[in-house]
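Visitor: Provided herewith is a single structure, encoded as structure tokens, for subsequent inquiry.
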Amino acid sequence: TSTGSRSAAMNTSPPLWRRAFAELLGTGLLVAVVVGSGIAAQRLSPNDTGLALLENAIATAFGLAVLIVVFQPLSGAHFNPVVTLVNRTLGDRATATELVTYVAAQLVGACGGAVLANAMFATPTAIATTDRTDAGRLLGEVVATAGLVLLIFALARSDRARIVGPVVGAYIGAAYWFTSSTSFANPAVTVGRAFTDSFAGIAPGSAAWFVVAQLLGGIVGLGLVLLLFPSPRKDLA
């Protein structure tokens with residue numbers, strides 16, 4: 001019965017172009033939220049970095065939760081190549097073409113979101129110069145990404161995927177503060193943030209190391225999921 005239901009769901013899923021567009025738009029809007037709120041926070045609280053980070057974190061947490069709720073029925077609302085790769089590893093039947101299309105859409109959307117945020121605040125689109133490369137921050141990215149993967153797939157594999165939006169938003173909002181890296185936890189978002197030389201920016205050299213740390217975090221998170229939730233009750237959309 002469960003196999004039949006899953007097959008029926010696959011047969012009625014949106015076409016790939018629509019799912020890819022949802023990933024592109026969702027990831028783009030996520031980066032626009034991160035970068036735009038970062039620019040606004042920097043302008044509103046220029047002499048208080050802690051307050052600016054709080055403003056950035058709150059906007060990101062709320063924005064991410066809303067975007068997941070909106071796009072989850074269409075594409076699963078991954079917005080993150082690590083999530084897409086782990087989802088495939090855990091048994092999603094996506095083809096190689098679908099996998100590449102999702103990741104490409106996420107990367108293009110992320111870059112577009114940064115450009116959009118820059119334009120809204122009349123900030124020139126420029127390569128970021130903020131160096132974030134140090135051992136502590138890289139460890140923070142491993143921790144942040146592992147936690148995100150564990151959270152998403154723990155909910156998905158225990159039939160609680162319907163609450164992913166608000167819970168992931170809450171996690172990212174908290175991880176802004178408990179990780180040294182402010183929890184990028186997403187290769188696409190990291191790449192996108194390299195295209196803004198503002199509060200949320202990250203220099204390309206640092207971005208490359210962050211992506212490596214995020215992929216490592218994804219592996220750690222995958223291992224934790226398999227250890228704690230080896231038998232899914234419901235697959236991630």
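Labeling convention for the structure tokens: chains A, B, ... as they appear, residues from 1 per chain, ligands from 1 in order of appearance.
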Applying 10 Å and only C-alpha atoms, which residues near A:Val108 remain after dropping the ones on its own chain fewer than 2 positions away? List them as a ChimeraX atom specification.

Guide: /A:23-25,27-28,103-106,110-113,188,191-192

Visitor: Give me the residues within 9 Å of A:Thr125 as a PyMOL selection string, counting only C-alpha atoms and dropping any in the same chain fewer than 3 places off.

Guide: chain A and resi 114-115+118-119+128+195-197

Visitor: Output as a tab-separated table one row per residue of stretch 80-143 of chain A within 9 Å of stretch 12-18 of chain A: the closest atom pair and its distance in Å to one decimal place, counting only C-alpha atoms, sorted by chain and residue number ascending.

Guide:
```
residue	atom	partner	partner_atom	distance
A:Glu98	CA	A:Leu16	CA	7.1
A:Thr101	CA	A:Leu16	CA	8.3
A:Tyr102	CA	A:Leu16	CA	8.9
```

Visitor: What lies within 10 Å of stretch 41-47 of chain A using only C-alpha atoms, ignoring chain neighbours under 2 positions off, as a list in words?

Guide: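 Listing them by chain and then by number gives Val35, Gly36, Ser37, Gly38, Ile39, Thr49, Gly50, Leu51, Ala52, Leu53, Leu54, Glu55, Asn56, Ala57, Ala59, Ser198, Phe199 and Ala200 of chain A.
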
Visitor: Report, in Å to a single decimal, how far apart atom CA of A:Ala174 and atom CA of A:Val142 are.

Guide: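 That distance, rounded to one decimal, is 15.5 Å.
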
Visitor: Based on DSSP run over this structure's backbone, return all residues of stretch 67-96 of chain A in alpha helix (DSSP H), as number ranges by chain.

Guide: A: 67-75, 81-89, 96

Visitor: Let me see the file: selected residues, C-alpha atoms, as a PDB file, in the first residue's frame.

Guide:
```pdb
ATOM      1  CA  LEU A  67       9.611  30.104   1.977  1.00  0.00           C
ATOM      2  CA  ILE A  68       9.691  26.448   3.026  1.00  0.00           C
ATOM      3  CA  VAL A  69       5.950  26.462   3.705  1.00  0.00           C
ATOM      4  CA  VAL A  70       5.257  28.040   0.297  1.00  0.00           C
ATOM      5  CA  PHE A  71       7.510  25.864  -1.860  1.00  0.00           C
ATOM      6  CA  GLN A  72       7.554  22.529   0.003  1.00  0.00           C
ATOM      7  CA  PRO A  73       4.552  21.109  -1.905  1.00  0.00           C
ATOM      8  CA  LEU A  74       6.240  21.874  -5.228  1.00  0.00           C
ATOM      9  CA  SER A  75       9.906  20.908  -4.926  1.00  0.00           C
ATOM     10  CA  PRO A  81      22.604  21.398  -2.549  1.00  0.00           C
ATOM     11  CA  VAL A  82      23.584  19.494   0.597  1.00  0.00           C
ATOM     12  CA  VAL A  83      19.929  18.746   1.357  1.00  0.00           C
ATOM     13  CA  THR A  84      19.370  17.661  -2.244  1.00  0.00           C
ATOM     14  CA  LEU A  85      22.407  15.356  -2.190  1.00  0.00           C
ATOM     15  CA  VAL A  86      21.508  13.799   1.165  1.00  0.00           C
ATOM     16  CA  ASN A  87      17.922  13.319   0.040  1.00  0.00           C
ATOM     17  CA  ARG A  88      19.179  11.403  -3.013  1.00  0.00           C
ATOM     18  CA  THR A  89      21.558   9.334  -0.874  1.00  0.00           C
ATOM     19  CA  ALA A  96      20.975  12.377 -12.297  1.00  0.00           C
TER      20      ALA A  96
END
```

Visitor: Can you tell me how far atom CA of A:Arg93 sits from atom CA of A:Ser158, in Å to one decimal?

Guide: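 Atom CA of A:Arg93 sits 19.0 Å away from atom CA of A:Ser158.
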
Visitor: Skip A:Ala213 itself and residues of its chain fewer than 4 positions away, then list as a PyMOL selection string all residues within 7 Å of it, counting only C-alpha atoms.

Guide: chain A and resi 138+141-142+209+217

Visitor: Please indicate the distance in Å from atom CA of A:Leu226 to atom CA of A:Ile152, rounded to one decimal place.

Guide: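 Those two atoms sit 12.8 Å apart.
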